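*Asks:* Contents are TSV, C-alpha atoms and all ligand atoms; file name target_35.tsv:
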```
chain	number	residue	atom	x	y	z
A	862	MET	CA	-25.48	18.85	-36.29
A	863	THR	CA	-23.25	17.82	-33.39
A	864	THR	CA	-22.27	19.84	-30.36
A	865	PHE	CA	-19.63	18.42	-28.07
A	866	ILE	CA	-18.37	19.41	-24.65
A	867	LEU	CA	-16.44	17.38	-22.11
A	868	HIS	CA	-15.68	18.44	-18.56
A	869	SER	CA	-13.06	16.06	-17.25
A	870	PRO	CA	-11.08	15.97	-14.03
A	871	ARG	CA	-7.30	15.90	-14.27
A	872	VAL	CA	-6.52	12.17	-14.49
A	873	VAL	CA	-3.42	10.36	-13.28
A	874	PHE	CA	-3.64	6.76	-14.45
A	875	GLY	CA	-1.37	3.75	-14.05
A	876	GLY	CA	0.30	1.25	-11.76
A	877	GLY	CA	1.93	3.02	-8.82
A	878	SER	CA	0.20	6.35	-9.54
A	879	LEU	CA	-0.80	6.68	-5.89
A	880	ALA	CA	2.84	7.67	-5.31
A	881	HIS	CA	1.93	11.01	-6.95
A	882	LEU	CA	-0.72	11.83	-4.36
A	883	GLU	CA	1.32	14.47	-2.56
A	884	ARG	CA	2.15	16.26	-5.81
A	885	GLU	CA	-1.52	16.23	-6.81
A	886	ILE	CA	-2.63	17.63	-3.45
A	887	GLU	CA	-0.04	20.37	-3.80
A	888	LEU	CA	-1.32	21.18	-7.28
A	889	LEU	CA	-4.78	21.66	-5.77
A	890	GLY	CA	-3.19	24.12	-3.36
A	891	ALA	CA	-4.55	22.10	-0.43
A	892	LYS	CA	-2.91	21.76	2.98
A	893	ARG	CA	-5.52	19.96	5.07
A	894	ALA	CA	-7.17	17.00	3.35
A	895	LEU	CA	-10.08	15.11	4.90
A	896	VAL	CA	-9.79	11.45	3.83
A	897	LEU	CA	-13.13	9.68	3.26
A	898	SER	CA	-13.78	5.93	3.23
A	899	THR	CA	-16.26	3.21	4.18
A	900	PRO	CA	-15.87	1.67	7.68
A	901	GLN	CA	-13.55	-1.02	6.26
A	902	ARG	CA	-11.02	1.85	5.77
A	903	ARG	CA	-9.53	-0.06	2.83
A	904	SER	CA	-6.48	1.94	1.63
A	905	ALA	CA	-7.63	4.98	3.66
A	906	ASP	CA	-4.94	4.61	6.34
A	907	ASP	CA	-2.30	4.20	3.64
A	908	VAL	CA	-3.52	7.35	1.89
A	909	ALA	CA	-3.58	9.26	5.19
A	910	ALA	CA	-0.01	8.14	5.94
A	911	ARG	CA	1.14	9.26	2.50
A	912	LEU	CA	-0.43	12.67	3.11
A	913	GLY	CA	1.45	13.05	6.40
A	914	GLY	CA	1.03	16.59	7.71
A	915	ARG	CA	-1.43	17.41	4.92
A	916	CYS	CA	-3.99	14.96	6.35
A	917	ALA	CA	-6.54	16.70	8.59
A	918	GLY	CA	-8.32	13.45	9.53
A	919	ILE	CA	-10.24	10.41	8.31
A	920	PHE	CA	-14.04	10.18	8.11
A	921	ASP	CA	-14.85	6.51	7.60
A	922	ARG	CA	-18.64	6.40	7.58
A	923	ALA	CA	-19.41	6.44	3.86
A	924	ALA	CA	-22.50	4.33	3.07
A	925	MET	CA	-24.48	3.30	-0.01
A	926	HIS	CA	-26.76	6.00	-1.50
A	927	VAL	CA	-25.33	8.78	0.74
A	928	PRO	CA	-27.80	9.13	3.66
A	929	ILE	CA	-28.32	12.85	4.36
A	930	GLU	CA	-27.35	12.34	8.03
A	931	THR	CA	-23.95	10.97	6.98
A	932	ALA	CA	-23.46	13.81	4.51
A	933	ARG	CA	-24.23	16.36	7.26
A	934	ALA	CA	-21.87	14.65	9.71
A	935	ALA	CA	-19.08	14.64	7.10
A	936	ARG	CA	-19.65	18.32	6.27
A	937	ASP	CA	-19.51	19.17	10.00
A	938	GLU	CA	-16.31	17.19	10.38
A	939	ALA	CA	-14.73	18.94	7.38
A	940	ARG	CA	-15.62	22.31	8.90
A	941	ARG	CA	-14.46	21.33	12.40
A	942	LEU	CA	-11.09	20.19	11.08
A	943	GLY	CA	-10.68	23.19	8.79
A	944	ALA	CA	-10.29	20.86	5.79
A	945	ASP	CA	-9.53	22.51	2.46
A	946	CYS	CA	-10.04	19.42	0.28
A	947	ALA	CA	-11.73	16.00	0.38
A	948	VAL	CA	-9.88	12.86	-0.67
A	949	ALA	CA	-12.30	10.01	-1.44
A	950	VAL	CA	-10.72	6.56	-1.38
A	951	GLY	CA	-13.24	3.92	-2.42
A	952	GLY	CA	-16.17	3.17	-4.68
A	953	GLY	CA	-19.25	5.12	-5.69
A	954	SER	CA	-20.49	5.39	-2.10
A	955	THR	CA	-17.34	7.08	-0.84
A	956	ILE	CA	-17.00	9.33	-3.87
A	957	GLY	CA	-20.70	10.16	-3.48
A	958	LEU	CA	-20.02	11.35	0.07
A	959	ALA	CA	-17.22	13.62	-1.16
A	960	LYS	CA	-19.63	15.05	-3.72
A	961	ALA	CA	-22.21	15.73	-1.00
A	962	ILE	CA	-19.57	17.75	0.88
A	963	ALA	CA	-18.52	19.62	-2.28
A	964	LEU	CA	-22.13	20.46	-3.14
A	965	GLU	CA	-22.46	22.75	-0.11
A	966	SER	CA	-18.89	23.78	0.59
A	967	ALA	CA	-17.30	23.85	-2.91
A	968	LEU	CA	-14.37	21.98	-1.34
A	969	PRO	CA	-12.25	20.46	-4.14
A	970	VAL	CA	-12.43	16.65	-4.39
A	971	LEU	CA	-9.58	14.32	-5.23
A	972	ALA	CA	-10.94	10.84	-5.97
A	973	ILE	CA	-9.04	7.57	-5.75
A	974	PRO	CA	-11.50	4.98	-7.12
A	975	THR	CA	-11.27	1.38	-5.96
A	976	THR	CA	-14.27	0.02	-7.92
A	977	TYR	CA	-15.48	0.46	-11.50
A	978	SER	CA	-18.52	2.64	-10.62
A	979	GLY	CA	-17.24	5.59	-12.68
A	980	SER	CA	-18.72	8.14	-10.27
A	981	GLU	CA	-15.36	9.96	-10.16
A	982	MET	CA	-15.89	11.12	-13.77
A	983	THR	CA	-19.37	12.56	-13.34
A	984	PRO	CA	-20.96	15.76	-12.02
A	985	ILE	CA	-23.87	13.61	-10.78
A	986	TYR	CA	-24.63	13.47	-7.06
A	987	GLY	CA	-27.19	11.53	-5.03
A	988	LEU	CA	-28.56	12.03	-1.52
A	989	THR	CA	-31.07	9.90	0.38
A	990	GLU	CA	-33.46	11.55	2.81
A	991	ALA	CA	-36.39	9.84	4.54
A	992	GLY	CA	-36.08	6.84	2.23
A	993	LEU	CA	-36.13	8.91	-0.95
A	994	LYS	CA	-33.04	9.24	-3.13
A	995	ARG	CA	-32.73	12.39	-5.19
A	996	THR	CA	-30.04	12.88	-7.77
A	997	GLY	CA	-28.84	15.93	-9.61
A	998	ARG	CA	-26.04	17.36	-11.69
A	999	ASP	CA	-23.79	20.14	-10.46
A	1000	ALA	CA	-20.40	21.15	-11.81
A	1001	ARG	CA	-19.14	21.74	-8.24
A	1002	VAL	CA	-19.23	18.02	-7.39
A	1003	LEU	CA	-17.08	16.81	-10.29
A	1004	PRO	CA	-13.73	15.79	-8.76
A	1005	ARG	CA	-10.86	18.09	-9.69
A	1006	THR	CA	-8.36	15.22	-9.80
A	1007	VAL	CA	-8.67	11.45	-10.16
A	1008	ILE	CA	-5.86	9.02	-9.36
A	1009	TYR	CA	-6.46	5.59	-10.91
A	1010	ASP	CA	-4.06	3.04	-9.45
A	1011	PRO	CA	-5.00	-0.55	-10.42
A	1012	ALA	CA	-3.06	-1.90	-7.42
A	1013	LEU	CA	-5.86	-0.57	-5.18
A	1014	THR	CA	-8.43	-2.71	-7.00
A	1015	THR	CA	-6.79	-6.13	-6.53
A	1016	SER	CA	-8.69	-6.55	-3.25
A	1017	LEU	CA	-12.02	-6.14	-5.05
A	1018	SER	CA	-13.35	-9.71	-5.10
A	1019	PRO	CA	-14.10	-11.25	-8.52
A	1020	LYS	CA	-17.80	-11.14	-7.57
A	1021	LEU	CA	-17.74	-7.41	-6.76
A	1022	ALA	CA	-15.51	-6.74	-9.79
A	1023	ALA	CA	-18.03	-8.53	-12.03
A	1024	THR	CA	-21.08	-6.50	-10.94
A	1025	SER	CA	-19.12	-3.26	-10.70
A	1026	GLY	CA	-17.79	-3.85	-14.23
A	1027	MET	CA	-21.28	-4.65	-15.56
A	1028	ASN	CA	-22.51	-1.41	-13.95
A	1029	ALA	CA	-19.87	0.47	-15.96
A	1030	ILE	CA	-20.84	-1.38	-19.15
A	1031	ALA	CA	-24.47	-0.36	-18.56
A	1032	ASP	CA	-23.44	3.31	-18.46
A	1033	ALA	CA	-21.62	3.05	-21.79
A	1034	ALA	CA	-24.36	0.92	-23.37
A	1035	GLU	CA	-27.06	3.50	-22.61
A	1036	GLY	CA	-24.62	6.21	-23.70
A	1037	LEU	CA	-24.50	4.61	-27.13
A	1038	TYR	CA	-28.19	5.29	-27.71
A	1039	ALA	CA	-28.48	8.53	-25.73
A	1040	GLN	CA	-30.24	11.33	-27.60
A	1041	ASP	CA	-27.51	13.81	-26.79
A	1042	ALA	CA	-24.55	11.52	-27.57
A	1043	GLY	CA	-22.12	12.40	-30.34
A	1044	PRO	CA	-19.45	10.41	-32.16
A	1045	ILE	CA	-16.76	10.97	-29.51
A	1046	HIS	CA	-19.02	9.61	-26.76
A	1047	ALA	CA	-19.68	6.55	-28.92
A	1048	LEU	CA	-15.94	5.96	-29.32
A	1049	LEU	CA	-15.40	6.22	-25.57
A	1050	ALA	CA	-18.35	3.92	-24.88
A	1051	GLU	CA	-17.30	1.23	-27.33
A	1052	GLU	CA	-13.69	1.30	-26.15
A	1053	GLY	CA	-14.83	1.21	-22.50
A	1054	ILE	CA	-17.11	-1.80	-23.01
A	1055	GLY	CA	-14.38	-3.58	-24.95
A	1056	ALA	CA	-11.78	-3.00	-22.22
A	1057	LEU	CA	-14.07	-4.35	-19.50
A	1058	ALA	CA	-15.27	-7.30	-21.58
A	1059	ALA	CA	-11.65	-8.23	-22.20
A	1060	GLY	CA	-10.40	-7.57	-18.67
A	1061	LEU	CA	-13.15	-8.98	-16.45
A	1062	PRO	CA	-12.76	-12.68	-17.38
A	1063	HIS	CA	-9.03	-12.42	-16.57
A	1064	VAL	CA	-9.79	-10.76	-13.24
A	1065	PHE	CA	-12.21	-13.60	-12.54
A	1066	GLU	CA	-9.51	-16.20	-13.19
A	1067	ALA	CA	-6.54	-14.32	-11.72
A	1068	PRO	CA	-7.69	-11.55	-9.31
A	1069	LEU	CA	-4.13	-10.33	-8.71
A	1070	ASP	CA	-3.32	-9.88	-12.43
A	1071	LEU	CA	-2.42	-6.19	-12.55
A	1072	GLU	CA	-2.65	-5.93	-16.31
A	1073	ALA	CA	-6.24	-7.20	-16.31
A	1074	ARG	CA	-7.08	-4.90	-13.38
A	1075	SER	CA	-5.56	-2.01	-15.28
A	1076	ARG	CA	-7.64	-2.81	-18.35
A	1077	CYS	CA	-10.84	-2.88	-16.29
A	1078	LEU	CA	-10.01	0.40	-14.55
A	1079	TYR	CA	-9.31	2.00	-17.93
A	1080	GLY	CA	-12.72	0.74	-19.09
A	1081	ALA	CA	-14.33	2.18	-15.96
A	1082	TRP	CA	-12.70	5.55	-16.67
A	1083	LEU	CA	-14.14	5.65	-20.19
A	1084	CYS	CA	-17.60	4.35	-19.23
A	1085	GLY	CA	-17.78	6.85	-16.34
A	1086	THR	CA	-16.90	9.65	-18.75
A	1087	VAL	CA	-19.87	8.67	-20.93
A	1088	LEU	CA	-22.20	8.50	-17.92
A	1089	GLY	CA	-21.17	12.01	-16.91
A	1090	ALA	CA	-21.61	13.47	-20.38
A	1091	VAL	CA	-24.94	12.21	-21.74
A	1092	ALA	CA	-28.49	11.44	-20.56
A	1093	MET	CA	-29.28	7.88	-19.52
A	1094	GLY	CA	-32.51	6.03	-20.42
A	1095	LEU	CA	-34.84	3.23	-19.32
A	1096	HIS	CA	-32.16	0.98	-17.83
A	1097	HIS	CA	-30.98	3.64	-15.39
A	1098	LYS	CA	-34.54	4.66	-14.55
A	1099	LEU	CA	-35.40	1.05	-13.66
A	1100	CYS	CA	-32.27	0.56	-11.56
A	1101	HIS	CA	-32.83	3.85	-9.75
A	1102	THR	CA	-36.40	2.76	-8.94
A	1103	LEU	CA	-35.39	-0.72	-7.81
A	1104	GLY	CA	-32.56	0.65	-5.65
A	1105	GLY	CA	-34.50	3.59	-4.20
A	1106	THR	CA	-37.90	1.99	-3.58
A	1107	PHE	CA	-36.97	-1.66	-3.03
A	1108	ASN	CA	-33.49	-1.11	-1.57
A	1109	LEU	CA	-31.81	-3.50	-4.01
A	1110	PRO	CA	-27.98	-3.39	-4.22
A	1111	HIS	CA	-26.73	-0.95	-6.87
A	1112	ALA	CA	-24.20	-2.76	-9.09
A	1113	GLU	CA	-25.92	-6.16	-8.78
A	1114	THR	CA	-29.23	-4.67	-9.93
A	1115	HIS	CA	-27.56	-3.06	-12.95
A	1116	THR	CA	-26.13	-6.46	-13.83
A	1117	ALA	CA	-29.46	-8.32	-13.71
A	1118	VAL	CA	-31.49	-5.62	-15.51
A	1119	LEU	CA	-29.10	-4.68	-18.35
A	1120	PRO	CA	-29.72	-7.65	-20.70
A	1121	HIS	CA	-33.47	-7.02	-20.54
A	1122	ALA	CA	-33.27	-3.24	-20.90
A	1123	LEU	CA	-31.16	-3.79	-24.03
A	1124	ALA	CA	-33.62	-6.39	-25.33
A	1125	TYR	CA	-36.42	-3.84	-24.83
A	1126	ASN	CA	-34.54	-1.20	-26.84
A	1127	ARG	CA	-32.92	-3.47	-29.41
A	1128	HIS	CA	-35.10	-2.63	-32.45
A	1129	ALA	CA	-35.22	1.08	-31.65
A	1130	ALA	CA	-31.42	1.44	-31.48
A	1131	PRO	CA	-29.87	-1.01	-33.98
A	1132	GLU	CA	-26.58	0.89	-34.44
A	1133	ALA	CA	-25.97	1.07	-30.68
A	1134	MET	CA	-26.71	-2.67	-30.41
A	1135	ARG	CA	-24.27	-3.42	-33.20
A	1136	ARG	CA	-21.52	-1.44	-31.48
A	1137	ILE	CA	-22.21	-3.01	-28.05
A	1138	ALA	CA	-22.12	-6.51	-29.56
A	1139	ALA	CA	-18.89	-5.71	-31.44
A	1140	ALA	CA	-17.24	-4.42	-28.27
A	1141	LEU	CA	-18.31	-7.57	-26.41
A	1142	GLY	CA	-17.23	-9.83	-29.24
A	1143	ALA	CA	-20.75	-11.29	-29.19
A	1144	ALA	CA	-23.37	-11.92	-31.86
A	1145	GLU	CA	-26.00	-9.83	-30.07
A	1146	ALA	CA	-25.92	-7.14	-27.38
A	1147	PRO	CA	-28.64	-8.38	-24.95
A	1148	ALA	CA	-27.50	-12.02	-24.88
A	1149	GLY	CA	-23.87	-10.87	-25.00
A	1150	VAL	CA	-24.06	-8.90	-21.74
A	1151	TYR	CA	-26.06	-11.71	-20.13
A	1152	ASP	CA	-23.46	-14.32	-21.10
A	1153	LEU	CA	-20.55	-12.17	-19.91
A	1154	ALA	CA	-22.11	-11.53	-16.49
A	1155	ASN	CA	-23.22	-15.13	-16.14
A	1156	ARG	CA	-19.72	-16.35	-16.97
A	1157	LEU	CA	-18.39	-14.08	-14.22
A	1158	GLY	CA	-20.67	-15.76	-11.68
A	1159	ALA	CA	-23.05	-12.81	-11.17
A	1160	SER	CA	-26.64	-13.32	-9.96
A	1161	MET	CA	-28.83	-12.81	-12.99
A	1162	ALA	CA	-32.24	-12.87	-11.27
A	1163	LEU	CA	-33.76	-9.92	-9.37
A	1164	ARG	CA	-35.57	-12.40	-7.13
A	1165	ASP	CA	-32.17	-13.54	-5.82
A	1166	LEU	CA	-31.29	-9.92	-5.00
A	1167	GLY	CA	-34.29	-9.50	-2.69
A	1168	MET	CA	-36.87	-8.14	-5.14
A	1169	PRO	CA	-40.37	-9.22	-4.06
A	1170	GLY	CA	-42.41	-10.64	-6.94
A	1171	ASN	CA	-45.43	-8.62	-5.83
A	1172	GLY	CA	-43.43	-5.40	-6.25
A	1173	LEU	CA	-43.00	-5.74	-10.02
A	1174	ASP	CA	-46.27	-3.97	-10.88
A	1175	ARG	CA	-45.33	-1.03	-8.69
A	1176	ALA	CA	-41.82	-0.88	-10.22
A	1177	ALA	CA	-43.28	-0.82	-13.75
A	1178	GLU	CA	-45.66	1.92	-12.71
A	1179	LEU	CA	-42.91	4.04	-11.13
A	1180	ALA	CA	-40.69	3.66	-14.20
A	1181	THR	CA	-43.40	4.89	-16.55
A	1182	THR	CA	-45.12	7.72	-14.71
A	1183	GLN	CA	-42.64	10.40	-15.79
A	1184	ALA	CA	-41.33	10.98	-19.31
A	1185	TYR	CA	-37.57	10.66	-19.95
A	1186	PRO	CA	-35.50	10.03	-23.06
A	1187	ASN	CA	-35.33	6.44	-24.31
A	1188	PRO	CA	-35.05	5.13	-27.88
A	1189	ARG	CA	-38.24	3.06	-27.63
A	1190	PRO	CA	-41.34	4.74	-26.19
A	1191	LEU	CA	-42.21	3.69	-22.65
A	1192	GLU	CA	-44.83	0.93	-22.88
A	1193	ARG	CA	-46.15	-0.14	-19.49
A	1194	ALA	CA	-47.03	-3.76	-20.39
A	1195	ALA	CA	-43.72	-4.41	-22.16
A	1196	ILE	CA	-41.77	-2.89	-19.25
A	1197	ARG	CA	-43.71	-5.08	-16.81
A	1198	GLN	CA	-42.67	-8.10	-18.93
A	1199	LEU	CA	-39.04	-6.83	-18.98
A	1200	LEU	CA	-39.10	-6.76	-15.17
A	1201	GLN	CA	-40.59	-10.26	-15.05
A	1202	ASP	CA	-37.77	-11.56	-17.26
A	1203	ALA	CA	-35.15	-9.85	-15.08
A	1204	TRP	CA	-36.82	-11.16	-11.93
A	1205	GLU	CA	-36.62	-14.70	-13.25
A	1206	GLY	CA	-33.11	-14.18	-14.66
A	1207	ARG	CA	-33.99	-15.45	-18.15
A	1208	ARG	CA	-31.40	-15.25	-20.91
A	1209	PRO	CA	-32.75	-12.91	-23.62
A	1210	SER	CA	-33.14	-14.76	-26.92
B	1	LIG	P1	-19.61	0.89	-2.99
B	1	LIG	O1	-18.80	2.13	-3.09
B	1	LIG	O2	-20.86	0.93	-2.18
B	1	LIG	O3	-18.70	-0.30	-2.50
B	1	LIG	C1	-19.26	-1.59	-2.28
B	1	LIG	C2	-18.46	-2.33	-1.21
B	1	LIG	O4	-17.18	-2.66	-1.74
B	1	LIG	C3	-18.21	-1.50	0.05
B	1	LIG	O5	-18.37	-2.32	1.17
B	1	LIG	C4	-16.75	-1.06	-0.11
B	1	LIG	O6	-16.11	-0.86	1.14
B	1	LIG	C5	-16.16	-2.25	-0.85
B	1	LIG	N1	-14.98	-1.94	-1.65
B	1	LIG	C6	-14.75	-0.86	-2.43
B	1	LIG	N2	-13.58	-0.96	-3.05
B	1	LIG	C7	-13.04	-2.14	-2.67
B	1	LIG	C8	-11.82	-2.82	-2.98
B	1	LIG	N3	-10.93	-2.33	-3.83
B	1	LIG	N4	-11.60	-4.02	-2.38
B	1	LIG	C9	-12.52	-4.57	-1.56
B	1	LIG	N5	-13.68	-3.97	-1.22
B	1	LIG	C10	-13.93	-2.78	-1.78
B	1	LIG	O7	-20.04	0.34	-4.45
B	1	LIG	P2	-20.04	1.01	-5.88
B	1	LIG	O8	-20.76	0.05	-6.74
B	1	LIG	O9	-18.68	1.45	-6.27
B	1	LIG	O10	-20.90	2.32	-5.71
B	1	LIG	C11	-22.30	2.26	-5.58
B	1	LIG	C12	-22.86	3.64	-5.22
B	1	LIG	O11	-22.31	4.63	-6.07
B	1	LIG	C13	-24.36	3.73	-5.36
B	1	LIG	O12	-24.88	4.50	-4.29
B	1	LIG	C14	-24.55	4.46	-6.67
B	1	LIG	O13	-25.77	5.17	-6.73
B	1	LIG	C15	-23.35	5.36	-6.70
B	1	LIG	N6	-22.91	5.71	-8.06
B	1	LIG	C16	-22.92	7.02	-8.40
B	1	LIG	C17	-22.49	7.40	-9.66
B	1	LIG	C18	-22.48	8.85	-10.02
B	1	LIG	O14	-22.07	9.22	-11.10
B	1	LIG	N7	-22.91	9.73	-9.14
B	1	LIG	C19	-22.03	6.45	-10.58
B	1	LIG	C20	-22.03	5.10	-10.20
B	1	LIG	C21	-22.46	4.75	-8.92
```
Let's see the structure in the file written out as structure tokens.
Ligand code: NAD
*Replies:*
Amino acid sequence: MTTFILHSPRVVFGGGSLAHLEREIELLGAKRALVLSTPQRRSADDVAARLGGRCAGIFDRAAMHVPIETARAARDEARRLGADCAVAVGGGSTIGLAKAIALESALPVLAIPTTYSGSEMTPIYGLTEAGLKRTGRDARVLPRTVIYDPALTTSLSPKLAATSGMNAIADAAEGLYAQDAGPIHALLAEEGIGALAAGLPHVFEAPLDLEARSRCLYGAWLCGTVLGAVAMGLHHKLCHTLGGTFNLPHAETHTAVLPHALAYNRHAAPEAMRRIAAALGAAEAPAGVYDLANRLGASMALRDLGMPGNGLDRAAELATTQAYPNPRPLERAAIRQLLQDAWEGRRPS
């Protein structure tokens, strides 16, 4: 039996789609938008200028993993300015901040993604308090509208594009063996992986190629949809642990761990592996994702991302103390070996 439900934002996709921002804000019925960004303010000033009188202000303090203090400051600013919507221009960190505002205020969010994180398509939020990151799902945080304009991603360096794209592929890959996934999710996942696997090498060679950027952003849209719709497994648990407890960078960690998480699950999820490999155009899923990331110049070893070798035991312990869905049962010794392989950056055979 299959049950299927998909909650999706309204999506405006394509080159030049940012020109429709004003119309989209009007459709939300909003008159005072608070624009959110990281301190680099990439594209935020442009978005604010396009909003003209409908821009209440810019809050440019978005940071990785949404520190609770930043979320509180942004909520206060939204209240002070009488904002009636949040416009997030940026990657997962900026969109995460908009979600933190929406969680308490129910302010509608319009997201303008500039990375491939896929957060704009999910009802998942994260908040970090006293060094602990907690995540949850809440329908209120799902953006109401998403504007995907590939022109905004040309400034994403090939290095950032590579890890961000591998992060998206990881979401779709785990979606393919998720317990609660149905045939439509599998179609989205396979198409999403294929689009990124085709687009990323072109982005690497020609960062300003809008067609390749468009392909990658399309892939990110699909992979993010899968992430938002089904339950993730071991790979996401490991990355969450490594990011939360060892402060490793998000997309880079996904990139280094994915080949080994897939190798761990390969015999327990043969159909998913076949579909991942087909989408990559590779003989095998684990080595296929490794080769793609490696070709894009990504760091493949956790030790190069700041993971201390003496933390691997603790990481294995943290990833196996609580039960969660995964095709292969959680085996402590095998997971410790998986982490060792990822730490050394070995190519899975
Ligand atoms: P990010 O948003 O932290 O951005 C990384 C860096 O890239 C920042 O310095 C940012 O200013 C810069 N940047 C963004 N777009 C750029 C562009 N077009 N050109 C140049 N620089 C640009 O990174 P991310 O990987 O997008 O997001 C990571 C965060 O998102 C993590 O905290 C993760 O937990 C969260 N996330 C959440 C979900 C979800 O569904 N809730 C999904 C994926 C990621």
*Asks:* Grab me every residue within 6 Å of ligand LIG 1 (chain B), counting only C-alpha atoms and all ligand atoms, and send it over as a PyMOL selection string.
*Replies:* chain A and resi 899+901+925-926+951-955+975-976+978-980+983+985-986+1013-1014+1016-1017+1025+1111-1112
*Asks:* Create the file for the chosen residues now, containing C-alpha atoms and written as a PDB file, in the coordinates of the input.
*Replies:*
```pdb
ATOM      1  CA  THR A 899     -16.260   3.210   4.180  1.00  0.00           C
ATOM      2  CA  GLN A 901     -13.550  -1.020   6.260  1.00  0.00           C
ATOM      3  CA  MET A 925     -24.480   3.300  -0.010  1.00  0.00           C
ATOM      4  CA  HIS A 926     -26.760   6.000  -1.500  1.00  0.00           C
ATOM      5  CA  GLY A 951     -13.240   3.920  -2.420  1.00  0.00           C
ATOM      6  CA  GLY A 952     -16.170   3.170  -4.680  1.00  0.00           C
ATOM      7  CA  GLY A 953     -19.250   5.120  -5.690  1.00  0.00           C
ATOM      8  CA  SER A 954     -20.490   5.390  -2.100  1.00  0.00           C
ATOM      9  CA  THR A 955     -17.340   7.080  -0.840  1.00  0.00           C
ATOM     10  CA  THR A 975     -11.270   1.380  -5.960  1.00  0.00           C
ATOM     11  CA  THR A 976     -14.270   0.020  -7.920  1.00  0.00           C
ATOM     12  CA  SER A 978     -18.520   2.640 -10.620  1.00  0.00           C
ATOM     13  CA  GLY A 979     -17.240   5.590 -12.680  1.00  0.00           C
ATOM     14  CA  SER A 980     -18.720   8.140 -10.270  1.00  0.00           C
ATOM     15  CA  THR A 983     -19.370  12.560 -13.340  1.00  0.00           C
ATOM     16  CA  ILE A 985     -23.870  13.610 -10.780  1.00  0.00           C
ATOM     17  CA  TYR A 986     -24.630  13.470  -7.060  1.00  0.00           C
ATOM     18  CA  LEU A1013      -5.860  -0.570  -5.180  1.00  0.00           C
ATOM     19  CA  THR A1014      -8.430  -2.710  -7.000  1.00  0.00           C
ATOM     20  CA  SER A1016      -8.690  -6.550  -3.250  1.00  0.00           C
ATOM     21  CA  LEU A1017     -12.020  -6.140  -5.050  1.00  0.00           C
ATOM     22  CA  SER A1025     -19.120  -3.260 -10.700  1.00  0.00           C
ATOM     23  CA  HIS A1111     -26.730  -0.950  -6.870  1.00  0.00           C
ATOM     24  CA  ALA A1112     -24.200  -2.760  -9.090  1.00  0.00           C
TER      25      ALA A1112
END
```
*Asks:* For atom CA of A:Asp999 and atom CA of A:Pro984, quote the distance in Å rounded to one decimal.
*Replies:*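 Separating atom CA of A:Asp999 from atom CA of A:Pro984 is a distance of 5.4 Å.
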*Asks:* Atom CA of A:Pro1190 and atom CA of A:Pro1110, how far apart in Å?
*Replies:*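 For atom CA of A:Pro1110 relative to atom CA of A:Pro1190, the distance reads 27.0 Å.
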*Asks:* Rounded to one decimal, what separation in Å do you get between atom CA of A:Ala935 and atom CA of A:Val896?
*Replies:*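 Value for the atom CA of A:Ala935-atom CA of A:Val896 distance: 10.4 Å.
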*Asks:* Using all atoms listed in the file, what does the table of stretch 950-1051 of chain A residues within 8 Å of stretch 1089-1099 of chain A look like, with each row giving the shortest atom pair and its distance in Å to one decimal, sorted by chain and ascending number, as JSON lines?
*Replies:*
```
{"residue": "A:Met982", "atom": "CA", "partner": "A:Gly1089", "partner_atom": "CA", "distance": 6.2}
{"residue": "A:Thr983", "atom": "CA", "partner": "A:Gly1089", "partner_atom": "CA", "distance": 4.0}
{"residue": "A:Pro984", "atom": "CA", "partner": "A:Gly1089", "partner_atom": "CA", "distance": 6.2}
{"residue": "A:Ile985", "atom": "CA", "partner": "A:Gly1089", "partner_atom": "CA", "distance": 6.9}
{"residue": "A:Ala1031", "atom": "CA", "partner": "A:His1096", "partner_atom": "CA", "distance": 7.8}
{"residue": "A:Asp1032", "atom": "CA", "partner": "A:Met1093", "partner_atom": "CA", "distance": 7.5}
{"residue": "A:Glu1035", "atom": "CA", "partner": "A:Met1093", "partner_atom": "CA", "distance": 5.8}
{"residue": "A:Gly1036", "atom": "CA", "partner": "A:Val1091", "partner_atom": "CA", "distance": 6.3}
{"residue": "A:Ala1039", "atom": "CA", "partner": "A:Ala1092", "partner_atom": "CA", "distance": 5.9}
{"residue": "A:Gln1040", "atom": "CA", "partner": "A:Ala1092", "partner_atom": "CA", "distance": 7.3}
{"residue": "A:Asp1041", "atom": "CA", "partner": "A:Val1091", "partner_atom": "CA", "distance": 5.9}
{"residue": "A:Ala1042", "atom": "CA", "partner": "A:Val1091", "partner_atom": "CA", "distance": 5.9}
{"residue": "A:His1046", "atom": "CA", "partner": "A:Ala1090", "partner_atom": "CA", "distance": 7.9}
```
*Asks:* Would you mind telling me which residue in A:Arg911, A:Arg1135, A:Arg1207, A:Arg1001 lies nearest to A:Lys960 when using all atoms listed in the file?
*Replies:*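 Looking at the shortest contact to A:Lys960, the residue is A:Arg1001.
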*Asks:* Tell me which residues come within 6 Å of (-8.1, 19.0, -1.3), as a ChimeraX atom specification, counting all atoms listed in the file in the file's coordinates.
*Replies:* /A:891,894,945-947,969-970
*Asks:* Point out the residue among A:Gly1055, A:Gly1085, A:Pro928, A:Pro1169 with the least atom-to-atom distance to A:Ala1143, counting all atoms listed in the file.
*Replies:* A:Gly1055
*Asks:* Show which residues sit within 8 Å of A:Leu958, as a PyMOL selection string. Count only C-alpha atoms, and ignore same-chain residues fewer than 4 positions away.
*Replies:* chain A and resi 897+923+927+931-932+935+949+954+962
*Asks:* So, counting only C-alpha atoms, which residue among A:Val1150, A:Leu895, A:Ala972, A:Ala1180 is closest to A:Val872?
*Replies:*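 Of the candidates, the smallest distance to A:Val872 is held by A:Ala972.
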